[in-house]
>>> print(open('protein.cif').read())   # mmCIF, C-alpha atoms and all ligand atoms
data_my_file
loop_
_atom_site.group_PDB
_atom_site.id
_atom_site.type_symbol
_atom_site.label_atom_id
_atom_site.label_comp_id
_atom_site.auth_asym_id
_atom_site.auth_seq_id
_atom_site.Cartn_x
_atom_site.Cartn_y
_atom_site.Cartn_z
ATOM 1 C CA MET T 671 -41.863 -3.056 349.938
ATOM 2 C CA LYS T 672 -42.774 -6.740 349.775
ATOM 3 C CA TYR T 673 -44.902 -8.185 347.034
ATOM 4 C CA VAL T 674 -47.976 -9.742 348.540
ATOM 5 C CA SER T 675 -49.071 -11.466 345.356
ATOM 6 C CA GLN T 676 -46.704 -12.516 342.584
ATOM 7 C CA PRO T 677 -46.409 -9.914 339.804
ATOM 8 C CA ARG T 678 -48.419 -10.646 336.659
ATOM 9 C CA ALA T 679 -45.595 -11.250 334.166
ATOM 10 C CA ILE T 680 -43.927 -13.796 336.472
ATOM 11 C CA VAL T 681 -47.207 -15.633 337.080
ATOM 12 C CA ARG T 682 -47.898 -15.698 333.334
ATOM 13 C CA HIS T 683 -44.435 -17.125 332.640
ATOM 14 C CA ARG T 684 -44.889 -19.814 335.303
ATOM 15 C CA ARG T 685 -48.300 -20.845 333.916
ATOM 16 C CA TRP T 686 -46.835 -21.087 330.421
ATOM 17 C CA THR T 687 -43.957 -23.259 331.683
ATOM 18 C CA ILE T 688 -46.348 -25.556 333.568
ATOM 19 C CA ALA T 689 -48.602 -25.870 330.486
ATOM 20 C CA LEU T 690 -45.628 -26.937 328.349
ATOM 21 C CA GLY T 691 -44.623 -29.477 331.013
ATOM 22 C CA VAL T 692 -48.149 -30.920 331.136
ATOM 23 C CA VAL T 693 -48.253 -31.332 327.328
ATOM 24 C CA MET T 694 -44.849 -33.025 327.390
ATOM 25 C CA MET T 695 -45.847 -35.442 330.163
ATOM 26 C CA SER T 696 -49.162 -36.269 328.440
ATOM 27 C CA VAL T 697 -47.358 -37.170 325.249
ATOM 28 C CA LEU T 698 -44.909 -39.352 327.163
ATOM 29 C CA VAL T 699 -47.432 -41.279 329.260
ATOM 30 C CA GLY T 700 -50.327 -41.046 326.761
ATOM 31 C CA PRO T 701 -49.646 -44.361 324.976
ATOM 32 C CA VAL T 702 -49.843 -46.118 328.346
ATOM 33 C CA LEU T 703 -52.783 -44.141 329.786
ATOM 34 C CA VAL T 704 -55.100 -44.293 326.752
ATOM 35 C CA PRO T 705 -55.609 -48.099 326.992
ATOM 36 C CA VAL T 706 -56.179 -47.731 330.761
ATOM 37 C CA VAL T 707 -58.957 -45.209 330.133
ATOM 38 C CA LEU T 708 -60.528 -47.108 327.230
ATOM 39 C CA TYR T 709 -60.387 -50.576 328.789
ATOM 40 C CA GLY T 710 -60.985 -49.508 332.345
ATOM 41 C CA PHE T 711 -58.403 -49.983 335.058
ATOM 42 C CA PHE T 712 -58.754 -53.766 335.393
ATOM 43 C CA GLY T 713 -58.837 -54.418 331.692
ATOM 44 C CA PHE T 714 -55.550 -52.537 331.215
ATOM 45 C CA ASP T 715 -53.762 -54.163 328.280
ATOM 46 C CA THR T 716 -51.564 -51.956 326.114
ATOM 47 C CA HIS T 717 -50.667 -54.785 323.739
ATOM 48 C CA SER T 718 -54.151 -55.826 322.699
ATOM 49 C CA PHE T 719 -55.252 -52.193 322.505
ATOM 50 C CA LEU T 720 -52.384 -51.326 320.142
ATOM 51 C CA ALA T 721 -52.909 -54.507 318.108
ATOM 52 C CA GLY T 722 -56.493 -53.360 317.490
ATOM 53 C CA LEU T 723 -55.371 -50.007 316.092
ATOM 54 C CA GLY T 724 -53.765 -51.244 312.892
ATOM 55 C CA PRO T 725 -50.267 -50.311 311.712
ATOM 56 C CA ALA T 726 -51.204 -47.143 309.740
ATOM 57 C CA THR T 727 -52.979 -45.580 312.743
ATOM 58 C CA ARG T 728 -50.140 -46.477 315.054
ATOM 59 C CA TYR T 729 -47.584 -45.030 312.638
ATOM 60 C CA LEU T 730 -49.580 -41.786 312.407
ATOM 61 C CA ALA T 731 -49.986 -41.536 316.185
ATOM 62 C CA ALA T 732 -46.275 -42.175 316.780
ATOM 63 C CA SER T 733 -45.203 -39.505 314.267
ATOM 64 C CA ALA T 734 -47.665 -37.007 315.743
ATOM 65 C CA LEU T 735 -46.433 -37.659 319.287
ATOM 66 C CA PHE T 736 -42.813 -37.260 318.246
ATOM 67 C CA ALA T 737 -43.585 -34.012 316.386
ATOM 68 C CA VAL T 738 -45.466 -32.609 319.399
ATOM 69 C CA LEU T 739 -42.590 -33.512 321.755
ATOM 70 C CA LEU T 740 -40.020 -31.868 319.526
ATOM 71 C CA ALA T 741 -42.159 -28.727 319.127
ATOM 72 C CA VAL T 742 -42.719 -28.457 322.906
ATOM 73 C CA PHE T 743 -39.011 -28.965 323.572
ATOM 74 C CA VAL T 744 -37.957 -26.231 321.128
ATOM 75 C CA THR T 745 -40.690 -23.866 322.393
ATOM 76 C CA ALA T 746 -39.661 -24.413 326.024
ATOM 77 C CA MET T 747 -36.021 -23.662 325.239
ATOM 78 C CA TYR T 748 -36.865 -20.586 323.177
ATOM 79 C CA SER T 749 -39.210 -19.218 325.813
ATOM 80 C CA THR T 750 -36.581 -19.784 328.524
ATOM 81 C CA ILE T 751 -33.913 -17.921 326.559
ATOM 82 C CA VAL T 752 -36.205 -14.964 325.824
ATOM 83 C CA TRP T 753 -37.316 -14.852 329.471
ATOM 84 C CA ARG T 754 -33.715 -14.909 330.631
ATOM 85 C CA ARG T 755 -32.811 -12.038 328.318
ATOM 86 C CA ARG T 756 -35.721 -9.998 329.671
ATOM 87 C CA SER T 757 -34.780 -10.581 333.284
ATOM 88 C CA SER T 758 -31.053 -10.067 332.658
ATOM 89 C CA PRO T 759 -29.650 -7.263 334.836
ATOM 90 C CA SER T 760 -27.398 -6.080 331.976
ATOM 91 C CA GLU T 761 -30.444 -4.659 330.203
ATOM 92 C CA GLY T 762 -31.778 -2.690 333.154
ATOM 93 C CA ILE T 763 -34.486 -3.897 335.510
ATOM 94 C CA ALA T 764 -37.779 -5.163 334.131
ATOM 95 C CA CYS T 765 -41.102 -4.273 335.719
ATOM 96 C CA PRO T 766 -42.289 -7.643 337.113
ATOM 97 C CA SER T 767 -45.860 -6.827 336.220
ATOM 98 C CA CYS T 768 -45.593 -5.797 332.555
ATOM 99 C CA LEU T 769 -41.860 -6.348 331.730
ATOM 100 C CA TYR T 770 -41.299 -2.705 330.823
ATOM 101 C CA MET T 771 -37.590 -1.882 331.126
ATOM 102 C CA LEU T 772 -37.120 0.516 334.038
ATOM 103 C CA LYS T 773 -34.013 2.491 333.152
ATOM 104 C CA ASP T 774 -34.563 4.868 336.023
ATOM 105 C CA THR T 775 -31.624 5.338 338.388
ATOM 106 C CA GLU T 776 -33.959 6.445 341.169
ATOM 107 C CA PRO T 777 -34.071 3.961 344.102
ATOM 108 C CA ALA T 778 -37.863 3.801 343.828
ATOM 109 C CA GLY T 779 -40.637 4.922 341.508
ATOM 110 C CA GLN T 780 -43.669 3.960 339.454
ATOM 111 C CA CYS T 781 -43.681 1.957 336.230
ATOM 112 C CA PRO T 782 -44.637 4.406 333.432
ATOM 113 C CA GLU T 783 -46.315 1.546 331.556
ATOM 114 C CA CYS T 784 -48.568 -0.111 334.150
ATOM 115 C CA GLY T 785 -48.257 2.232 337.134
ATOM 116 C CA MET T 786 -46.949 -0.368 339.594
ATOM 117 C CA SER T 787 -44.802 1.228 342.286
ATOM 118 C CA TYR T 788 -41.426 -0.361 342.923
ATOM 119 C CA VAL T 789 -38.228 -0.216 344.966
ATOM 120 C CA VAL T 790 -35.165 -1.015 342.837
ATOM 121 C CA GLU T 791 -33.470 -3.031 345.582
ATOM 122 C CA ASP T 792 -36.527 -5.289 345.996
ATOM 123 C CA LEU T 793 -36.806 -5.737 342.243
ATOM 124 C CA SER T 794 -33.167 -6.833 342.029
ATOM 125 C CA SER T 795 -33.610 -9.523 344.657
ATOM 126 C CA LEU T 796 -36.934 -10.554 343.119
ATOM 127 C CA TRP T 797 -35.283 -11.176 339.722
ATOM 128 C CA ALA T 798 -32.234 -12.800 341.308
ATOM 129 C CA GLY T 799 -34.609 -15.205 343.054
ATOM 130 C CA GLN T 800 -36.355 -15.950 339.753
ATOM 131 C CA ARG T 801 -33.049 -16.731 338.081
ATOM 132 C CA ARG T 802 -31.988 -19.053 340.896
ATOM 133 C CA LYS T 803 -35.294 -20.887 340.589
ATOM 134 C CA GLU T 804 -34.834 -21.317 336.826
ATOM 135 C CA ASN T 805 -31.354 -22.648 337.388
ATOM 136 C CA CYS T 806 -32.591 -25.293 339.777
ATOM 137 C CA VAL T 807 -35.190 -26.388 337.258
ATOM 138 C CA PHE T 808 -33.091 -26.448 334.104
ATOM 139 C CA GLN T 809 -29.594 -26.674 335.580
ATOM 140 C CA LEU T 810 -28.403 -24.374 333.210
ATOM 141 C CA ASP T 811 -26.221 -23.463 330.270
ATOM 142 C CA LEU T 812 -28.658 -22.939 327.400
ATOM 143 C CA LEU T 813 -29.833 -20.030 329.513
ATOM 144 C CA PHE T 814 -26.526 -18.329 328.756
ATOM 145 C CA LEU T 815 -27.792 -17.767 325.237
ATOM 146 C CA GLY T 816 -30.057 -15.192 326.846
ATOM 147 C CA ASP T 817 -27.168 -13.483 328.629
ATOM 148 C CA ASP T 818 -25.251 -12.023 325.708
ATOM 149 C CA TRP T 819 -22.132 -13.865 326.893
ATOM 150 C CA SER T 820 -20.381 -13.415 323.533
ATOM 151 C CA ALA T 821 -19.575 -9.804 324.534
ATOM 152 C CA LEU T 822 -17.518 -11.108 327.479
ATOM 153 C CA PRO T 823 -13.688 -11.379 327.351
ATOM 154 C CA ARG T 824 -12.431 -14.188 325.121
ATOM 155 C CA ALA T 825 -11.471 -16.796 327.729
ATOM 156 C CA ILE T 826 -14.803 -16.507 329.546
ATOM 157 C CA ALA T 827 -16.778 -16.536 326.282
ATOM 158 C CA ARG T 828 -14.863 -19.651 325.159
ATOM 159 C CA HIS T 829 -15.714 -21.432 328.391
ATOM 160 C CA ARG T 830 -19.365 -20.394 328.063
ATOM 161 C CA ARG T 831 -19.450 -21.728 324.506
ATOM 162 C CA ARG T 832 -18.076 -25.128 325.606
ATOM 163 C CA VAL T 833 -20.646 -25.400 328.398
ATOM 164 C CA ILE T 834 -23.462 -24.511 325.998
ATOM 165 C CA VAL T 835 -22.328 -27.018 323.359
ATOM 166 C CA SER T 836 -21.975 -29.930 325.796
ATOM 167 C CA GLY T 837 -25.240 -28.928 327.490
ATOM 168 C CA LEU T 838 -27.008 -28.824 324.132
ATOM 169 C CA ALA T 839 -25.579 -32.234 323.165
ATOM 170 C CA HIS T 840 -26.677 -34.007 326.342
ATOM 171 C CA ARG T 841 -30.072 -32.319 326.275
ATOM 172 C CA MET T 842 -30.769 -33.247 322.636
ATOM 173 C CA LEU T 843 -29.817 -36.894 323.295
ATOM 174 C CA PHE T 844 -32.091 -36.915 326.335
ATOM 175 C CA ALA T 845 -34.973 -35.518 324.246
ATOM 176 C CA VAL T 846 -34.364 -38.071 321.477
ATOM 177 C CA GLY T 847 -34.298 -40.933 323.995
ATOM 178 C CA LEU T 848 -37.462 -39.695 325.653
ATOM 179 C CA GLY T 849 -39.181 -38.985 322.322
ATOM 180 C CA LEU T 850 -38.418 -42.448 320.952
ATOM 181 C CA PHE T 851 -40.016 -44.143 323.934
ATOM 182 C CA PRO T 852 -43.684 -43.604 322.894
ATOM 183 C CA VAL T 853 -42.677 -44.409 319.310
ATOM 184 C CA TRP T 854 -41.273 -47.705 320.534
ATOM 185 C CA ILE T 855 -44.433 -48.490 322.521
ATOM 186 C CA LEU T 856 -46.715 -47.689 319.584
ATOM 187 C CA LEU T 857 -44.770 -49.156 316.702
ATOM 188 C CA PHE T 858 -42.054 -51.568 317.576
ATOM 189 C CA ARG T 859 -43.183 -53.287 320.715
ATOM 190 C CA ASP T 860 -42.207 -56.643 319.179
ATOM 191 C CA SER T 861 -38.805 -55.460 317.952
ATOM 192 C CA PRO T 862 -36.275 -54.350 320.548
ATOM 193 C CA LEU T 863 -34.400 -52.120 318.044
ATOM 194 C CA PHE T 864 -35.989 -48.806 319.116
ATOM 195 C CA LEU T 865 -35.576 -49.708 322.752
ATOM 196 C CA TYR T 866 -31.849 -50.249 322.120
ATOM 197 C CA VAL T 867 -31.566 -46.901 320.294
ATOM 198 C CA THR T 868 -33.338 -45.236 323.239
ATOM 199 C CA LEU T 869 -31.007 -46.855 325.765
ATOM 200 C CA ILE T 870 -27.910 -45.967 323.695
ATOM 201 C CA ALA T 871 -29.059 -42.320 323.432
ATOM 202 C CA PHE T 872 -29.500 -42.192 327.247
ATOM 203 C CA GLY T 873 -26.110 -43.878 327.704
ATOM 204 C CA ILE T 874 -24.208 -41.357 325.544
ATOM 205 C CA GLU T 875 -26.159 -38.558 327.202
ATOM 206 C CA ASN T 876 -24.898 -39.646 330.604
ATOM 207 C CA VAL T 877 -21.321 -39.966 329.377
ATOM 208 C CA ILE T 878 -21.453 -36.353 328.110
ATOM 209 C CA LEU T 879 -23.170 -35.165 331.292
ATOM 210 C CA PHE T 880 -20.776 -36.734 333.788
ATOM 211 C CA GLY T 881 -17.658 -36.983 331.604
ATOM 212 C CA VAL T 882 -17.669 -33.566 329.923
ATOM 213 C CA TYR T 883 -20.306 -31.195 331.216
ATOM 214 C CA PHE T 884 -19.752 -31.328 334.993
ATOM 215 C CA PRO T 885 -15.910 -31.649 334.875
ATOM 216 C CA LEU T 886 -15.736 -28.670 332.488
ATOM 217 C CA GLU T 887 -17.216 -26.288 335.029
ATOM 218 C CA SER T 888 -15.495 -27.911 337.958
ATOM 219 C CA ARG T 889 -12.037 -27.390 336.331
ATOM 220 C CA TRP T 890 -12.968 -23.802 335.422
ATOM 221 C CA GLN T 891 -14.016 -22.937 338.980
ATOM 222 C CA ARG T 892 -10.836 -24.497 340.402
ATOM 223 C CA ARG T 893 -8.736 -22.459 338.015
ATOM 224 C CA ILE T 894 -10.361 -19.059 338.537
ATOM 225 C CA GLY T 895 -10.776 -19.714 342.255
ATOM 226 C CA LYS T 896 -7.027 -20.060 342.774
ATOM 227 C CA GLU T 897 -5.612 -16.975 341.126
ATOM 228 C CA VAL T 898 -8.549 -14.766 341.684
ATOM 229 C CA THR T 899 -7.653 -11.265 340.634
ATOM 230 C CA MET T 900 -4.554 -12.011 338.584
ATOM 231 C CA LEU T 901 -5.793 -13.873 335.515
ATOM 232 C CA CYS T 902 -6.209 -12.160 332.148
ATOM 233 C CA PRO T 903 -9.841 -12.692 331.073
ATOM 234 C CA GLU T 904 -8.756 -12.751 327.425
ATOM 235 C CA CYS T 905 -6.086 -15.467 327.539
ATOM 236 C CA LEU T 906 -5.901 -16.671 331.190
ATOM 237 C CA SER T 907 -2.240 -15.698 331.564
ATOM 238 C CA GLN T 908 -0.927 -13.808 334.571
ATOM 239 C CA THR T 909 -1.431 -10.072 334.763
ATOM 240 C CA VAL T 910 0.784 -7.639 336.626
ATOM 241 C CA ARG T 911 -0.794 -4.955 338.731
ATOM 242 C CA SER T 912 0.826 -1.538 338.552
ATOM 243 C CA PRO T 913 0.476 1.310 341.090
ATOM 244 C CA ASP T 914 -1.669 3.327 338.642
ATOM 245 C CA GLY T 915 -4.566 0.906 339.240
ATOM 246 C CA LEU T 916 -4.152 -0.939 335.926
ATOM 247 C CA SER T 917 -3.425 -4.620 335.325
ATOM 248 C CA ARG T 918 -1.369 -5.665 332.271
ATOM 249 C CA CYS T 919 -1.387 -9.142 330.772
ATOM 250 C CA GLN T 920 2.141 -10.575 330.392
ATOM 251 C CA ALA T 921 1.164 -12.686 327.388
ATOM 252 C CA CYS T 922 -1.332 -10.799 325.221
ATOM 253 C CA GLY T 923 -0.783 -7.231 326.431
ATOM 254 C CA ALA T 924 -4.399 -6.599 327.404
ATOM 255 C CA VAL T 925 -4.786 -3.726 329.868
ATOM 256 C CA MET T 926 -7.703 -3.336 332.245
ATOM 257 C CA GLY T 927 -8.589 -1.618 335.514
ATOM 258 C CA SER T 928 -7.514 -3.804 338.456
ATOM 259 C CA ASP T 929 -10.767 -3.185 340.308
ATOM 260 C CA ALA T 930 -12.851 -4.041 337.255
ATOM 261 C CA LEU T 931 -10.822 -7.240 336.862
ATOM 262 C CA THR T 932 -11.376 -8.218 340.501
ATOM 263 C CA ALA T 933 -15.112 -7.562 340.122
ATOM 264 C CA LEU T 934 -15.283 -9.563 336.869
ATOM 265 C CA TRP T 935 -13.775 -12.694 338.442
ATOM 266 C CA ALA T 936 -15.824 -12.265 341.599
ATOM 267 C CA ARG T 937 -18.984 -12.278 339.441
ATOM 268 C CA GLU T 938 -17.768 -15.294 337.515
ATOM 269 C CA ARG T 939 -17.096 -17.238 340.727
ATOM 270 C CA GLU T 940 -20.329 -16.271 342.361
ATOM 271 C CA ARG T 941 -22.615 -16.957 339.454
ATOM 272 C CA ALA T 942 -25.389 -19.203 340.767
ATOM 273 C CA ASP T 943 -26.113 -20.557 337.300
ATOM 274 C CA TRP T 944 -23.795 -23.504 337.505
ATOM 275 C CA PRO T 945 -24.629 -27.125 338.089
ATOM 276 C CA ARG T 946 -24.695 -27.668 341.847
ATOM 277 C CA PHE T 947 -22.242 -30.549 341.486
ATOM 278 C CA SER T 948 -19.346 -28.174 340.868
ATOM 279 C CA ALA T 949 -19.975 -25.745 343.687
ATOM 280 C CA HIS T 950 -16.649 -25.836 345.461
ATOM 281 C CA ARG T 951 -13.884 -23.352 345.993
HETATM 282 ZN ZN ZN T 1001 -45.042 -2.123 334.557
HETATM 283 ZN ZN ZN T 1002 -3.864 -11.976 328.144
#
>>> encode(input="protein.cif", output="structure tokens")
Amino acid sequence: MKYVSQPRAIVRHRRWTIALGVVMMSVLVGPVLVPVVLYGFFGFDTHSFLAGLGPATRYLAASALFAVLLAVFVTAMYSTIVWRRRSSPSEGIACPSCLYMLKDTEPAGQCPECGMSYVVEDLSSLWAGQRRKENCVFQLDLLFLGDDWSALPRAIARHRRRVIVSGLAHRMLFAVGLGLFPVWILLFRDSPLFLYVTLIAFGIENVILFGVYFPLESRWQRRIGKEVTMLCPECLSQTVRSPDGLSRCQACGAVMGSDALTALWARERERADWPRFSAHR
């Protein structure tokens, strides 16, 4: 069964995301656009417009803009994490129309909440497509907070934690740099200090992005790509496979089913969440 129109919950989520984006862009370009509107296109003069506002008004406007940006940023992240948790396959499959969790093991059925009929296989690919789309937009990492990664074996959880921390750091610096820009336009257009702070924030952000964030995942994929089924997911030492179908870690003594271990690493390698930069085997 193909979905002719997009299911309601997905459409609602997309509208919400677009609305947040529009608010964010308005705040960012507002200080430039307002004089254009008020003075008319040919009379466009940000400087004289701002000079006419008076320092108290400008200070108030700058603080308000910064507060709105921060609020939108936090809301967007929170909403993304909650959405990710809802669409996570570990929790069952969500009805794409009302987000009811379909725990049914039947290959097809009707949502008991909203009555929409579904085929499990189609739902899986629908949600997988949604997750890929998200990943392209946000390039990832903070999304893992919605995946309950902390329940994973230690070595994988540790890697996840590092990716999240470096992702959070570069994202926060990006938001600060972006948020300071309208403040600089409104308040300190004669002093370059805020512009310098903005540029420094962007600079450090790029160092973290290209020096830590991308290499982190790239090294991880190289490592797990090489010794596919043999690594212990707790400590990354070698495991030995015995005829009884179990794999034993030489270093920490962890024991797990060989097939489960193979499947775990296959999932880890095939995850589409990662920055595209590091997609190599
Ligand atoms: Zn439903
Ligand atoms: Zn081990």
>>> resolve_selection(input="protein.cif", expression="the PyMOL selection byres (((chain T and resi 839) around 12) and not hetatm)", output="JSON list (two decimals) with C-alpha atoms, in the coordinates of the input")
[["chain", "number", "residue", "atom", "x", "y", "z"],
["T", 811, "ASP", "CA", -26.22, -23.46, 330.27],
["T", 812, "LEU", "CA", -28.66, -22.94, 327.40],
["T", 832, "ARG", "CA", -18.08, -25.13, 325.61],
["T", 833, "VAL", "CA", -20.65, -25.40, 328.40],
["T", 834, "ILE", "CA", -23.46, -24.51, 326.00],
["T", 835, "VAL", "CA", -22.33, -27.02, 323.36],
["T", 836, "SER", "CA", -21.98, -29.93, 325.80],
["T", 837, "GLY", "CA", -25.24, -28.93, 327.49],
["T", 838, "LEU", "CA", -27.01, -28.82, 324.13],
["T", 840, "HIS", "CA", -26.68, -34.01, 326.34],
["T", 841, "ARG", "CA", -30.07, -32.32, 326.27],
["T", 842, "MET", "CA", -30.77, -33.25, 322.64],
["T", 843, "LEU", "CA", -29.82, -36.89, 323.30],
["T", 844, "PHE", "CA", -32.09, -36.92, 326.33],
["T", 845, "ALA", "CA", -34.97, -35.52, 324.25],
["T", 846, "VAL", "CA", -34.36, -38.07, 321.48],
["T", 871, "ALA", "CA", -29.06, -42.32, 323.43],
["T", 872, "PHE", "CA", -29.50, -42.19, 327.25],
["T", 874, "ILE", "CA", -24.21, -41.36, 325.54],
["T", 875, "GLU", "CA", -26.16, -38.56, 327.20],
["T", 876, "ASN", "CA", -24.90, -39.65, 330.60],
["T", 877, "VAL", "CA", -21.32, -39.97, 329.38],
["T", 878, "ILE", "CA", -21.45, -36.35, 328.11],
["T", 879, "LEU", "CA", -23.17, -35.16, 331.29],
["T", 882, "VAL", "CA", -17.67, -33.57, 329.92],
["T", 883, "TYR", "CA", -20.31, -31.20, 331.22]]
>>> resolve_selection(input="protein.cif", expression="the PyMOL selection byres (((not hetatm)) within 6 of (chain T and resi 1002))", output="compact mmCIF listing (two decimals) with C-alpha atoms, in the coordinates of the input")
# COMPACT_ATOMS: atom_id res chain seq x y z
CA CYS T 902 -6.21 -12.16 332.15
CA GLU T 904 -8.76 -12.75 327.42
CA CYS T 905 -6.09 -15.47 327.54
CA LEU T 906 -5.90 -16.67 331.19
CA SER T 907 -2.24 -15.70 331.56
CA CYS T 919 -1.39 -9.14 330.77
CA ALA T 921 1.16 -12.69 327.39
CA CYS T 922 -1.33 -10.80 325.22
CA GLY T 923 -0.78 -7.23 326.43
CA ALA T 924 -4.40 -6.60 327.40
>>> residues_near_ligand(input="protein.cif", ligand="ligand ZN 1001 (chain T)", cutoff="9 Å", atoms="only C-alpha atoms and all ligand atoms", output="ChimeraX atom specification")
/T:764-772,780-787
>>> resolve_selection(input="protein.cif", expression="the PyMOL selection byres (((chain T and resi 738) around 12) and not hetatm)", output="list in words")
Leu690, Val693, Met694, Met695, Ser696, Val697, Leu698, Ala731, Ala732, Ser733, Ala734, Leu735, Phe736, Ala737, Leu739, Leu740, Ala741, Val742, Phe743, Val744, Thr745, Ala845, Gly849 and Pro852 of chain T
>>> atom_distance(input="protein.cif", atom1="CA of Pro677 in chain T", atom2="CA of Leu796 in chain T")
10.1 Å
